[in-house]
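Content type compact mmCIF, C-alpha atoms, from the file start.txt:
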```
# COMPACT_ATOMS: atom_id res chain seq x y z
CA MET A 1 -65.18 -129.46 -12.50
CA SER A 2 -67.45 -130.16 -15.48
CA ALA A 3 -70.15 -127.78 -16.70
CA LEU A 4 -72.85 -129.94 -15.11
CA GLU A 5 -70.99 -130.17 -11.79
CA PHE A 6 -70.48 -126.40 -11.78
CA ARG A 7 -74.18 -125.73 -12.34
CA GLU A 8 -75.26 -128.31 -9.77
CA THR A 9 -72.88 -126.87 -7.16
CA ARG A 10 -74.15 -123.35 -7.84
CA GLU A 11 -77.77 -124.45 -7.54
CA ARG A 12 -77.12 -126.47 -4.37
CA ALA A 13 -75.47 -123.39 -2.88
CA GLY A 14 -78.68 -121.45 -3.55
CA LEU A 15 -77.04 -119.00 -5.97
CA SER A 16 -78.55 -117.63 -9.16
CA VAL A 17 -76.26 -117.15 -12.15
CA GLU A 18 -76.16 -113.42 -11.40
CA GLU A 19 -75.33 -113.99 -7.71
CA ALA A 20 -72.58 -116.46 -8.63
CA ALA A 21 -71.14 -113.93 -11.08
CA ILE A 22 -71.02 -111.23 -8.38
CA MET A 23 -69.40 -113.61 -5.89
CA LEU A 24 -66.76 -114.71 -8.40
CA ASP A 25 -66.29 -111.18 -9.78
CA VAL A 26 -67.05 -112.14 -13.39
CA ALA A 27 -69.77 -111.25 -15.87
CA ALA A 28 -73.02 -113.24 -15.77
CA LYS A 29 -72.52 -114.23 -19.40
CA THR A 30 -69.22 -115.83 -18.37
CA VAL A 31 -71.06 -118.09 -15.90
CA TYR A 32 -73.58 -119.00 -18.61
CA ARG A 33 -70.71 -119.96 -20.93
CA TRP A 34 -69.17 -122.13 -18.19
CA GLU A 35 -72.43 -123.95 -17.58
CA SER A 36 -73.12 -124.49 -21.27
CA GLY A 37 -69.74 -126.13 -21.66
CA GLU A 38 -68.60 -123.51 -24.12
CA VAL A 39 -65.72 -122.52 -21.85
CA VAL A 40 -64.12 -124.44 -18.98
CA PRO A 41 -63.87 -122.36 -15.78
CA LYS A 42 -60.42 -121.90 -14.30
CA PRO A 43 -59.82 -124.12 -11.25
CA VAL A 44 -59.70 -121.08 -8.97
CA TYR A 45 -63.34 -120.24 -9.81
CA ALA A 46 -64.53 -123.81 -9.38
CA LYS A 47 -62.73 -124.06 -6.02
CA GLU A 48 -64.20 -120.76 -4.83
CA LEU A 49 -67.70 -121.92 -5.74
CA GLN A 50 -67.09 -125.22 -3.95
CA ARG A 51 -65.76 -123.36 -0.90
CA HIS A 52 -68.90 -121.19 -0.81
CA TYR A 53 -71.08 -124.27 -1.09
CA VAL A 54 -69.27 -126.01 1.79
CA GLN A 55 -69.61 -122.90 3.95
CA GLU A 56 -73.32 -122.62 3.25
CA GLN A 57 -73.76 -126.32 3.90
CA ALA A 58 -72.04 -126.00 7.28
CA LYS A 59 -74.44 -123.18 8.19
CA GLY A 60 -77.40 -125.39 7.35
CA ASN A 61 -78.39 -123.23 4.38
CA VAL A 62 -78.09 -126.04 1.84
CA ILE A 63 -80.46 -128.97 1.45
CA PRO A 64 -78.17 -132.03 1.20
CA ASP A 65 -78.44 -134.47 -1.68
CA PHE A 66 -77.89 -137.39 0.67
CA THR A 67 -76.95 -138.10 4.29
CA PHE A 68 -74.08 -140.13 5.70
CA ILE A 69 -72.51 -141.25 8.97
CA ASP A 70 -68.80 -141.06 9.76
CA LEU A 71 -67.47 -144.04 11.75
CA PHE A 72 -63.85 -144.30 12.94
CA ALA A 73 -63.89 -140.71 11.78
CA GLY A 74 -60.34 -139.68 12.68
CA ILE A 75 -60.04 -136.02 11.70
CA GLY A 76 -62.76 -136.13 9.07
CA GLY A 77 -60.95 -136.88 5.82
CA ILE A 78 -63.60 -139.23 4.41
CA ARG A 79 -66.31 -136.84 5.54
CA ARG A 80 -64.72 -133.98 3.61
CA GLY A 81 -64.87 -135.93 0.37
CA PHE A 82 -68.53 -136.84 0.69
CA ALA A 83 -69.53 -133.38 1.91
CA ALA A 84 -67.93 -131.96 -1.23
CA ALA A 85 -70.21 -134.24 -3.26
CA GLY A 86 -73.32 -132.78 -1.63
CA GLY A 87 -73.75 -135.06 1.38
CA LYS A 88 -74.50 -134.10 4.98
CA CYS A 89 -72.96 -135.84 7.98
CA VAL A 90 -75.63 -136.76 10.55
CA PHE A 91 -73.56 -138.88 12.97
CA THR A 92 -69.89 -139.10 13.97
CA SER A 93 -68.00 -141.67 16.02
CA GLU A 94 -64.32 -141.38 16.99
CA TRP A 95 -62.80 -142.75 20.19
CA ASP A 96 -59.54 -140.73 20.30
CA THR A 97 -60.10 -137.50 22.24
CA TYR A 98 -57.27 -135.65 20.45
CA ALA A 99 -58.72 -136.55 17.04
CA GLN A 100 -62.10 -135.39 18.34
CA LYS A 101 -60.53 -132.02 19.18
CA THR A 102 -59.22 -131.57 15.63
CA TYR A 103 -62.49 -132.83 14.12
CA ARG A 104 -64.59 -130.47 16.22
CA ALA A 105 -62.36 -127.49 15.39
CA ASN A 106 -62.91 -128.08 11.67
CA PHE A 107 -66.62 -128.88 11.81
CA PRO A 108 -67.80 -126.42 14.46
CA ASP A 109 -71.33 -126.04 13.09
CA ASP A 110 -72.35 -129.69 13.46
CA ASP A 111 -75.80 -130.27 14.89
CA HIS A 112 -74.66 -133.51 16.50
CA GLU A 113 -72.03 -134.43 19.08
CA ILE A 114 -69.03 -136.63 18.41
CA ARG A 115 -69.70 -140.02 19.93
CA GLY A 116 -66.86 -142.09 21.33
CA ASP A 117 -66.28 -145.85 21.32
CA VAL A 118 -68.45 -147.36 18.59
CA THR A 119 -68.68 -150.67 20.44
CA GLU A 120 -70.71 -148.93 23.13
CA ILE A 121 -73.18 -147.31 20.72
CA ASP A 122 -76.52 -149.01 20.14
CA ALA A 123 -77.50 -149.00 16.47
CA ALA A 124 -80.90 -147.63 17.51
CA GLU A 125 -79.13 -144.43 18.61
CA ILE A 126 -77.80 -143.82 15.10
CA PRO A 127 -80.05 -141.78 12.79
CA ASP A 128 -81.18 -143.17 9.45
CA HIS A 129 -78.73 -142.36 6.68
CA ASP A 130 -78.08 -143.03 3.01
CA VAL A 131 -74.37 -143.85 3.15
CA LEU A 132 -72.15 -145.40 5.83
CA LEU A 133 -68.50 -144.33 5.80
CA ALA A 134 -65.80 -146.07 7.81
CA GLY A 135 -62.00 -146.20 7.80
CA PHE A 136 -62.08 -149.17 10.15
CA PRO A 137 -59.01 -150.70 11.84
CA CYS A 138 -57.76 -154.00 10.47
CA GLN A 139 -57.97 -156.92 12.90
CA PRO A 140 -57.57 -160.69 12.55
CA PHE A 141 -60.71 -162.73 13.03
CA SER A 142 -60.82 -165.60 15.50
CA ILE A 143 -62.36 -168.91 14.50
CA ALA A 144 -63.04 -169.90 18.12
CA GLY A 145 -66.71 -168.93 18.04
CA VAL A 146 -67.23 -170.63 14.69
CA SER A 147 -65.57 -173.82 15.91
CA LYS A 148 -67.89 -173.91 18.91
CA LYS A 149 -70.94 -173.58 16.65
CA ASN A 150 -69.60 -176.38 14.46
CA SER A 151 -69.33 -178.65 17.48
CA LEU A 152 -72.93 -177.88 18.38
CA GLY A 153 -74.13 -178.46 14.84
CA ARG A 154 -75.34 -174.86 14.43
CA VAL A 155 -75.24 -172.84 11.23
CA HIS A 156 -72.84 -169.92 11.35
CA GLY A 157 -72.03 -167.04 9.04
CA PHE A 158 -69.21 -164.62 8.41
CA MET A 159 -70.69 -162.16 10.91
CA ASP A 160 -70.17 -164.73 13.65
CA LYS A 161 -66.53 -165.00 12.70
CA ALA A 162 -66.16 -161.22 12.91
CA GLN A 163 -67.54 -160.93 16.42
CA GLY A 164 -65.18 -159.28 18.87
CA THR A 165 -63.62 -157.07 16.18
CA LEU A 166 -64.33 -153.44 15.35
CA PHE A 167 -65.44 -154.47 11.87
CA PHE A 168 -68.31 -156.35 13.52
CA ASP A 169 -69.67 -152.99 14.68
CA VAL A 170 -69.75 -151.83 11.06
CA LEU A 171 -71.68 -154.98 10.19
CA ARG A 172 -74.23 -154.67 12.98
CA ILE A 173 -74.92 -151.02 12.05
CA LEU A 174 -75.29 -151.92 8.37
CA LYS A 175 -77.65 -154.71 9.31
CA ALA A 176 -79.78 -152.51 11.54
CA LYS A 177 -79.91 -149.35 9.39
CA ARG A 178 -79.64 -150.79 5.84
CA PRO A 179 -78.24 -147.65 4.16
CA ALA A 180 -78.31 -147.45 0.38
CA ALA A 181 -74.51 -147.65 0.16
CA PHE A 182 -71.26 -147.74 2.08
CA LEU A 183 -67.59 -146.95 1.60
CA LEU A 184 -64.95 -148.68 3.69
CA GLU A 185 -61.24 -147.78 3.59
CA ASN A 186 -58.20 -149.69 4.78
CA VAL A 187 -54.54 -150.37 4.06
CA LYS A 188 -53.62 -152.12 0.82
CA ASN A 189 -52.42 -155.21 2.67
CA LEU A 190 -55.92 -155.93 3.96
CA LYS A 191 -56.30 -158.50 1.17
CA SER A 192 -53.29 -160.51 2.38
CA HIS A 193 -53.77 -159.86 6.09
CA ASN A 194 -53.96 -162.99 8.19
CA ARG A 195 -53.28 -165.11 5.07
CA GLY A 196 -56.31 -163.65 3.29
CA ASP A 197 -58.76 -164.76 5.97
CA THR A 198 -59.52 -161.21 7.12
CA PHE A 199 -60.56 -160.02 3.66
CA GLU A 200 -62.51 -163.21 2.96
CA THR A 201 -64.45 -162.70 6.19
CA ILE A 202 -65.13 -159.02 5.42
CA LYS A 203 -66.33 -159.59 1.87
CA GLY A 204 -68.31 -162.69 2.86
CA ALA A 205 -70.13 -160.85 5.64
CA LEU A 206 -71.02 -157.91 3.40
CA GLU A 207 -72.17 -160.01 0.46
CA ASN A 208 -73.45 -163.28 1.88
CA ASP A 209 -74.70 -162.26 5.32
CA LEU A 210 -75.94 -158.74 4.56
CA GLY A 211 -76.73 -159.01 0.85
CA TYR A 212 -74.83 -155.95 -0.38
CA HIS A 213 -73.34 -155.80 -3.88
CA VAL A 214 -69.63 -155.24 -3.29
CA SER A 215 -66.69 -154.10 -5.42
CA THR A 216 -63.16 -153.15 -4.40
CA VAL A 217 -60.16 -151.28 -5.74
CA VAL A 218 -56.67 -150.27 -4.61
CA ILE A 219 -55.87 -146.63 -5.43
CA ASP A 220 -52.49 -144.93 -5.20
CA ALA A 221 -53.09 -141.34 -4.06
CA LYS A 222 -49.94 -140.28 -5.93
CA GLY A 223 -52.12 -139.16 -8.82
CA TYR A 224 -53.79 -136.63 -6.52
CA VAL A 225 -51.16 -135.65 -3.92
CA PRO A 226 -47.33 -135.82 -4.00
CA GLN A 227 -47.21 -138.99 -1.93
CA HIS A 228 -47.14 -142.71 -2.69
CA ARG A 229 -50.10 -143.94 -0.65
CA GLU A 230 -51.95 -147.11 -1.65
CA ARG A 231 -55.25 -147.88 0.05
CA ILE A 232 -58.04 -150.36 -0.58
CA PHE A 233 -61.60 -149.07 -0.93
CA ILE A 234 -64.60 -151.34 -0.52
CA VAL A 235 -67.89 -150.07 -1.91
CA GLY A 236 -71.27 -151.68 -1.44
CA PHE A 237 -74.80 -150.95 -2.62
CA ARG A 238 -77.91 -152.36 -1.04
CA GLU A 239 -79.65 -152.82 -4.38
CA GLU A 240 -78.19 -154.44 -7.47
CA THR A 241 -76.33 -151.85 -9.48
CA LYS A 242 -73.93 -151.49 -12.37
CA PHE A 243 -71.48 -149.62 -10.15
CA ASP A 244 -68.15 -151.42 -9.99
CA ILE A 245 -65.35 -149.32 -8.56
CA SER A 246 -62.71 -151.72 -9.90
CA THR A 247 -63.60 -150.71 -13.49
CA LEU A 248 -63.44 -146.94 -12.97
CA LYS A 249 -60.59 -144.70 -14.04
CA PHE A 250 -58.65 -142.77 -11.41
CA ARG A 251 -55.80 -140.32 -11.83
CA ASP A 252 -52.51 -141.63 -13.17
CA PRO A 253 -49.94 -141.92 -10.35
CA LYS A 254 -47.23 -141.07 -12.86
CA ALA A 255 -48.79 -137.69 -13.62
CA GLY A 256 -49.48 -136.42 -10.12
CA PRO A 257 -48.21 -133.26 -8.40
CA ARG A 258 -44.79 -132.85 -6.82
CA LEU A 259 -43.74 -131.75 -3.36
CA ASP A 260 -43.23 -128.14 -4.37
CA SER A 261 -47.03 -127.88 -4.43
CA VAL A 262 -47.25 -128.47 -0.66
CA LEU A 263 -43.99 -127.12 0.78
CA HIS A 264 -43.86 -123.73 2.50
CA ALA A 265 -42.88 -120.98 0.08
CA PRO A 266 -40.87 -117.88 1.05
CA HIS A 267 -43.72 -115.56 -0.04
CA GLU A 268 -46.21 -117.14 2.38
CA GLU A 269 -47.45 -115.15 5.33
CA PRO A 270 -45.85 -116.56 8.50
CA GLU A 271 -47.95 -118.99 10.52
CA GLU A 272 -47.23 -119.22 14.22
CA LEU A 273 -45.37 -122.41 15.25
CA PHE A 274 -44.76 -123.63 11.67
CA THR A 275 -43.10 -120.65 9.97
CA LEU A 276 -41.46 -117.46 11.23
CA PRO A 277 -41.40 -113.98 9.72
CA ALA A 278 -38.38 -113.01 7.66
CA ILE A 279 -36.62 -110.10 9.35
CA GLU A 280 -33.81 -109.21 6.95
CA ALA A 281 -34.20 -105.66 5.64
CA GLY A 282 -34.94 -105.55 1.94
CA SER A 283 -35.66 -109.29 1.74
CA ASN A 284 -38.30 -110.46 -0.72
CA GLU A 285 -39.12 -113.35 1.60
CA ALA A 286 -42.09 -113.10 3.96
CA SER A 287 -41.34 -116.16 6.07
CA PHE A 288 -39.13 -119.19 6.58
CA VAL A 289 -39.70 -122.62 8.13
CA ASN A 290 -39.22 -122.74 11.88
CA PRO A 291 -35.69 -124.13 12.57
CA LYS A 292 -37.15 -126.55 15.12
CA TYR A 293 -38.10 -128.82 12.20
CA THR A 294 -34.45 -129.15 11.09
CA LEU A 295 -32.86 -132.40 12.32
CA SER A 296 -30.21 -132.14 15.00
CA ASP A 297 -26.69 -133.30 14.15
CA LYS A 298 -27.18 -136.25 16.48
CA LEU A 299 -30.38 -137.46 14.82
CA TRP A 300 -29.12 -136.84 11.28
CA ASN A 301 -25.89 -138.73 11.96
CA TYR A 302 -27.89 -141.60 13.50
CA LEU A 303 -30.21 -141.86 10.48
CA GLN A 304 -27.28 -141.85 8.04
CA GLY A 305 -25.48 -144.53 10.03
CA TYR A 306 -28.65 -146.62 10.31
CA ALA A 307 -29.23 -146.41 6.55
CA ALA A 308 -25.61 -147.31 5.78
CA LYS A 309 -25.74 -150.35 8.05
CA HIS A 310 -28.86 -151.73 6.41
CA LYS A 311 -27.60 -150.96 2.91
CA ALA A 312 -24.46 -152.97 3.64
CA ALA A 313 -26.69 -155.84 4.81
CA GLY A 314 -28.66 -155.69 1.56
CA ASN A 315 -31.79 -154.23 3.16
CA GLY A 316 -33.78 -151.30 1.88
CA PHE A 317 -34.26 -149.58 5.20
CA GLY A 318 -33.26 -145.94 5.39
CA PHE A 319 -34.50 -142.40 5.22
CA GLY A 320 -36.39 -140.74 2.37
CA LEU A 321 -34.60 -137.52 1.37
CA CYS A 322 -36.77 -135.38 -0.91
CA GLY A 323 -36.53 -132.25 -2.99
CA PRO A 324 -39.31 -130.05 -4.41
CA ASN A 325 -39.58 -132.09 -7.62
CA ASP A 326 -39.95 -135.42 -5.84
CA THR A 327 -42.87 -137.51 -4.63
CA ALA A 328 -42.82 -138.55 -0.99
CA ARG A 329 -43.08 -141.96 0.58
CA THR A 330 -46.20 -142.78 2.58
CA LEU A 331 -46.75 -140.49 5.55
CA SER A 332 -47.24 -142.76 8.56
CA ALA A 333 -48.50 -142.29 12.11
CA ARG A 334 -44.92 -142.82 13.35
CA TYR A 335 -43.68 -139.71 11.53
CA TYR A 336 -43.43 -137.86 14.83
CA LYS A 337 -40.58 -140.12 15.97
CA ASP A 338 -37.86 -139.01 13.57
CA GLY A 339 -39.54 -138.03 10.29
CA SER A 340 -37.21 -140.41 8.45
CA GLU A 341 -39.65 -141.49 5.73
CA ILE A 342 -40.04 -137.93 4.39
CA LEU A 343 -37.12 -135.56 4.94
CA ILE A 344 -36.82 -132.28 3.03
CA ALA A 345 -33.33 -131.42 1.80
CA GLN A 346 -31.99 -127.98 2.77
CA GLU A 347 -28.98 -126.35 1.16
CA GLY A 348 -26.12 -125.99 3.61
CA ARG A 349 -28.09 -127.48 6.50
CA ASN A 350 -29.34 -130.79 7.80
CA PRO A 351 -32.67 -131.89 6.26
CA ARG A 352 -35.91 -131.13 8.04
CA ARG A 353 -39.23 -132.75 8.79
CA LEU A 354 -42.43 -131.60 7.15
CA THR A 355 -44.38 -129.18 9.29
CA PRO A 356 -47.92 -130.22 10.31
CA ARG A 357 -49.23 -127.60 7.85
CA GLU A 358 -47.31 -129.28 5.04
CA CYS A 359 -48.73 -132.63 6.18
CA ALA A 360 -52.23 -131.17 5.91
CA ARG A 361 -51.45 -130.18 2.32
CA LEU A 362 -49.77 -133.50 1.57
CA MET A 363 -52.96 -135.32 2.60
CA GLY A 364 -55.18 -132.96 0.62
CA PHE A 365 -56.87 -131.33 3.61
CA ASP A 366 -55.60 -127.91 2.59
CA GLN A 367 -56.60 -127.16 -0.98
CA PRO A 368 -56.71 -123.94 -3.02
CA GLY A 369 -59.98 -122.09 -2.52
CA HIS A 370 -60.55 -123.57 0.95
CA ALA A 371 -59.70 -122.13 4.34
CA PRO A 372 -56.61 -123.79 5.86
CA MET A 373 -57.38 -126.69 8.15
CA LYS A 374 -57.30 -125.86 11.83
CA ILE A 375 -54.59 -127.80 13.70
CA PRO A 376 -55.37 -127.34 17.42
CA VAL A 377 -53.10 -130.11 18.75
CA SER A 378 -49.37 -130.56 19.33
CA ASP A 379 -47.02 -131.48 16.49
CA THR A 380 -46.76 -135.03 17.80
CA ARG A 381 -50.55 -135.47 17.80
CA ALA A 382 -50.90 -133.76 14.42
CA TYR A 383 -48.33 -136.07 12.79
CA LYS A 384 -50.18 -139.11 14.16
CA GLN A 385 -53.53 -137.79 12.94
CA PHE A 386 -52.38 -136.97 9.43
CA GLY A 387 -50.47 -140.26 9.19
CA ASN A 388 -53.67 -142.14 10.02
CA ALA A 389 -55.84 -140.05 7.68
CA VAL A 390 -57.01 -140.51 4.10
CA ALA A 391 -55.98 -138.54 1.04
CA VAL A 392 -59.00 -136.25 0.73
CA PRO A 393 -58.91 -135.69 -3.07
CA VAL A 394 -59.13 -139.47 -3.60
CA ILE A 395 -62.27 -139.61 -1.47
CA GLU A 396 -63.74 -136.64 -3.33
CA ASP A 397 -63.24 -138.46 -6.63
CA ILE A 398 -64.79 -141.67 -5.30
CA ALA A 399 -67.75 -139.74 -3.84
CA ARG A 400 -68.41 -138.00 -7.15
CA LYS A 401 -68.36 -141.33 -8.96
CA MET A 402 -70.66 -142.97 -6.41
CA LYS A 403 -73.12 -140.09 -6.17
CA PRO A 404 -75.31 -140.80 -9.25
CA TYR A 405 -75.81 -144.37 -8.02
CA ILE A 406 -76.49 -143.19 -4.47
CA MET A 407 -79.12 -140.76 -5.75
CA ALA A 408 -80.69 -143.45 -7.94
CA ALA A 409 -80.87 -145.82 -4.96
CA ILE A 410 -82.49 -143.14 -2.81
CA LEU A 411 -85.03 -142.34 -5.53
CA GLU A 412 -85.82 -146.02 -5.98
CA GLN A 413 -86.33 -146.41 -2.24
CA ASP A 414 -88.58 -143.34 -2.07
CA GLU A 415 -90.77 -144.81 -4.78
CA ALA A 416 -90.82 -148.27 -3.20
CA GLY A 417 -91.66 -147.09 0.32
CA PRO A 418 -90.17 -148.38 3.59
CA LEU A 419 -87.89 -151.35 3.45
CA PHE A 420 -89.75 -154.60 3.99
CA ALA A 421 -88.87 -156.18 7.33
CA GLU A 422 -85.79 -153.98 7.71
CA ALA A 423 -84.57 -155.58 10.89
CA GLY A 424 -84.67 -159.04 9.39
CA ALA A 425 -83.68 -158.18 5.84
CA ALA A 426 -80.26 -159.72 6.21
CA GLU A 427 -81.20 -162.70 8.35
```

Turn this file's structure into structure tokens for me.
Amino acid sequence: MSALEFRETRERAGLSVEEAAIMLDVAAKTVYRWESGEVVPKPVYAKELQRHYVQEQAKGNVIPDFTFIDLFAGIGGIRRGFAAAGGKCVFTSEWDTYAQKTYRANFPDDDHEIRGDVTEIDAAEIPDHDVLLAGFPCQPFSIAGVSKKNSLGRVHGFMDKAQGTLFFDVLRILKAKRPAAFLLENVKNLKSHNRGDTFETIKGALENDLGYHVSTVVIDAKGYVPQHRERIFIVGFREETKFDISTLKFRDPKAGPRLDSVLHAPHEEPEELFTLPAIEAGSNEASFVNPKYTLSDKLWNYLQGYAAKHKAAGNGFGFGLCGPNDTARTLSARYYKDGSEILIAQEGRNPRRLTPRECARLMGFDQPGHAPMKIPVSDTRAYKQFGNAVAVPVIEDIARKMKPYIMAAILEQDEAGPLFAEAGAAE
């Protein structure tokens, strides 16, 4: 956290320098030195200040810098990143009831309900907002409707081609509400999906039909969390801007953390279901991983045989056996089945799956200085939810980079007054 970011976070949290010093248990002159740039605060202090800010924001004690909506919200990973940048969520949509349960447990102070199926939500029901966020599902686009319009001699656009898909609901909300900016997230292969037609339709609709200025980038989260996880991010601004996410610098995947930063440690306090208390007299260990996460002989023998068969056939299929100094493969929604993509080696025993708590850390939901994420669902549901989630630190970085441009767009709009002919702006 830079000196400017530290000061802005303190001020947004409503703390004076003296109050921040008391909270962080340091001298006031130390805070002044941090904010002048003379000394860089240790990460633990920056995280504690950020944690306090997030808590105050959840209580409604902080005036947000901007507002956003959270579509296809999952368990709130994208939201977390933009809330950390000073934004306030004013609307949430997520159809899966189990994901809703986890979302609600972690954002209990929301002043709005979680809405379900986005296709059944009228755009008029959605409050005005500055930023639209969506980790939308990837679907192929049919050309049937376009072909019919061609036969009738009617003009058609990319939005017509997207009808019947969930992405169309993103488009219709963007068209109706005209937020200053948006961030869309999807798998890396979106660009090649359906022979490139899907991405062409998406970009064409955003740029040509809606008039947003769009840039894209693929980021490997391995620079932020100990996991190889490539995702495409599509950013758009309503007004012309110099922001181009493809030109920005993100953390080097070769210099990221390793698995030892997320695995359960013996000194941790035991957590029911995931870890058990150590009971040996005189032991220096406080807890150990619940044996239920260790693979059975039957499953471990099956995975080894499966890997050997495919290796002999020249295929790369197999399990991913990891140690504390390794980086994991991509955590997927199918992890609950056998855990084969990320197995943790254990001396003298079969390898084990990650626990859901370790998955929360692997995805960046649990970070130093923040309360642990609440996981109110079964292991199976938790694995699916984390496998479908985003790497939170990546979103935080993107949000911080977008924020100055978001604020500039808001200021420009405030000075210009209401949008002219909002409903028809993108006709």

- Which residues come within 8 Å of Pro257 in chain A, counting only C-alpha atoms, excluding same-chain residues fewer than 4 positions away, as a list of chain:residue names? A:Lys222, A:Gly223, A:Tyr224, A:Val225, A:Pro226, A:Ser261, A:Thr327

- Message: Let me make sure I understand: among A:Ala312, A:Val262, A:Leu295, A:Leu184, which one has the smallest atom-to-atom distance to Ala345 in chain A if we use all atoms listed in the file?
- Response: A:Leu295

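Taking CA of Ala123 in chain A and CA of Phe91 in chain A as the two end points, the separation is 11.4 Å.
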
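Using all atoms listed in the file, the smallest distance between any of A:Leu210, A:Val392, A:Ala105, A:Val44 and Met373 in chain A comes from A:Ala105.
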
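Neighbouring residues of Asn301 in chain A at 12 Å or closer, counting only C-alpha atoms and skipping chain neighbours under 4 positions away, are A:Leu295, A:Ser296, A:Asp297, A:Gly305, A:Tyr306, A:Ala307, A:Ala308, A:Phe319, A:Ser340, A:Asn350, A:Pro351.
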
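When only C-alpha atoms are used to measure the gap to Phe68 in chain A, the shortest distance among A:Ala46, A:Leu166, A:Ala83, A:Ile173 belongs to A:Ala83.
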
Kindly provide, as a CSV table (one decimal) with C-alpha atoms, keeping the file's coordinate frame, the polymer residues lying within 8 Å of (-75.8, -148.7, -11.4), counting only C-alpha atoms and using the coordinates exactly as they appear in the file.
```csv
chain,number,residue,atom,x,y,z
A,240,GLU,CA,-78.2,-154.4,-7.5
A,241,THR,CA,-76.3,-151.8,-9.5
A,242,LYS,CA,-73.9,-151.5,-12.4
A,243,PHE,CA,-71.5,-149.6,-10.2
A,405,TYR,CA,-75.8,-144.4,-8.0
A,408,ALA,CA,-80.7,-143.4,-7.9
```

How close does each residue of range 193-281 of chain A get to range 175-183 of chain A, giving the shortest atom pair and distance in Å to one decimal for every residue with an atom at most 10 Å away, counting all atoms listed in the file, sorted by chain and residue number, as a tab-separated table?
```
residue	atom	partner	partner_atom	distance
A:Leu206	CA	A:Lys175	CA	9.4
A:Asp209	CA	A:Lys175	CA	9.0
A:Leu210	CA	A:Lys175	CA	6.5
A:Gly211	CA	A:Lys175	CA	9.5
A:Tyr212	CA	A:Ala181	CA	8.3
A:His213	CA	A:Ala181	CA	9.2
A:Val214	CA	A:Phe182	CA	9.4
A:Thr216	CA	A:Leu183	CA	9.7
A:Phe233	CA	A:Leu183	CA	6.8
A:Ile234	CA	A:Leu183	CA	5.7
A:Val235	CA	A:Leu183	CA	4.7
A:Gly236	CA	A:Phe182	CA	5.3
A:Phe237	CA	A:Ala181	CA	4.3
A:Arg238	CA	A:Ala180	CA	5.1
A:Glu239	CA	A:Ala180	CA	7.3
```

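Nearest residue to Arg334 in chain A among A:Pro266, A:Gly314, A:Pro376, A:Gly387 is A:Gly387, counting all atoms listed in the file.
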
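Considering the residues A:Ala328, A:Ile279, A:Ile202, A:Val390 and counting all atoms listed in the file, Ile75 in chain A has its shortest atom-to-atom contact with A:Val390.
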
Would you give me, as JSON lines, each residue of range 13-123 of chain A having an atom within 12 Å of an atom of range 394-398 of chain A, along with its shortest atom pair and that distance in Å to one decimal, using all atoms listed in the file and sorting by chain and residue number?
```
{"residue": "A:Gln50", "atom": "CA", "partner": "A:Glu396", "partner_atom": "CA", "distance": 11.9}
{"residue": "A:Gly76", "atom": "CA", "partner": "A:Ile395", "partner_atom": "CA", "distance": 11.1}
{"residue": "A:Gly77", "atom": "CA", "partner": "A:Ile395", "partner_atom": "CA", "distance": 7.9}
{"residue": "A:Ile78", "atom": "CA", "partner": "A:Ile395", "partner_atom": "CA", "distance": 6.0}
{"residue": "A:Arg79", "atom": "CA", "partner": "A:Ile395", "partner_atom": "CA", "distance": 8.6}
{"residue": "A:Arg80", "atom": "CA", "partner": "A:Glu396", "partner_atom": "CA", "distance": 7.5}
{"residue": "A:Gly81", "atom": "CA", "partner": "A:Glu396", "partner_atom": "CA", "distance": 3.9}
{"residue": "A:Phe82", "atom": "CA", "partner": "A:Glu396", "partner_atom": "CA", "distance": 6.3}
{"residue": "A:Ala83", "atom": "CA", "partner": "A:Glu396", "partner_atom": "CA", "distance": 8.5}
{"residue": "A:Ala84", "atom": "CA", "partner": "A:Glu396", "partner_atom": "CA", "distance": 6.6}
{"residue": "A:Ala85", "atom": "CA", "partner": "A:Glu396", "partner_atom": "CA", "distance": 6.9}
{"residue": "A:Gly86", "atom": "CA", "partner": "A:Glu396", "partner_atom": "CA", "distance": 10.5}
{"residue": "A:Gly87", "atom": "CA", "partner": "A:Glu396", "partner_atom": "CA", "distance": 11.2}
```

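Here the selection is built from only C-alpha atoms, and the residues within 7 Å of (-40.2, -118.5, 5.1) turn out to be A:His264, A:Ala265, A:Pro266, A:His267, A:Glu268, A:Pro270, A:Thr275, A:Leu276, A:Pro277, A:Ala278, A:Glu285, A:Ala286, A:Ser287, A:Phe288, A:Val289.
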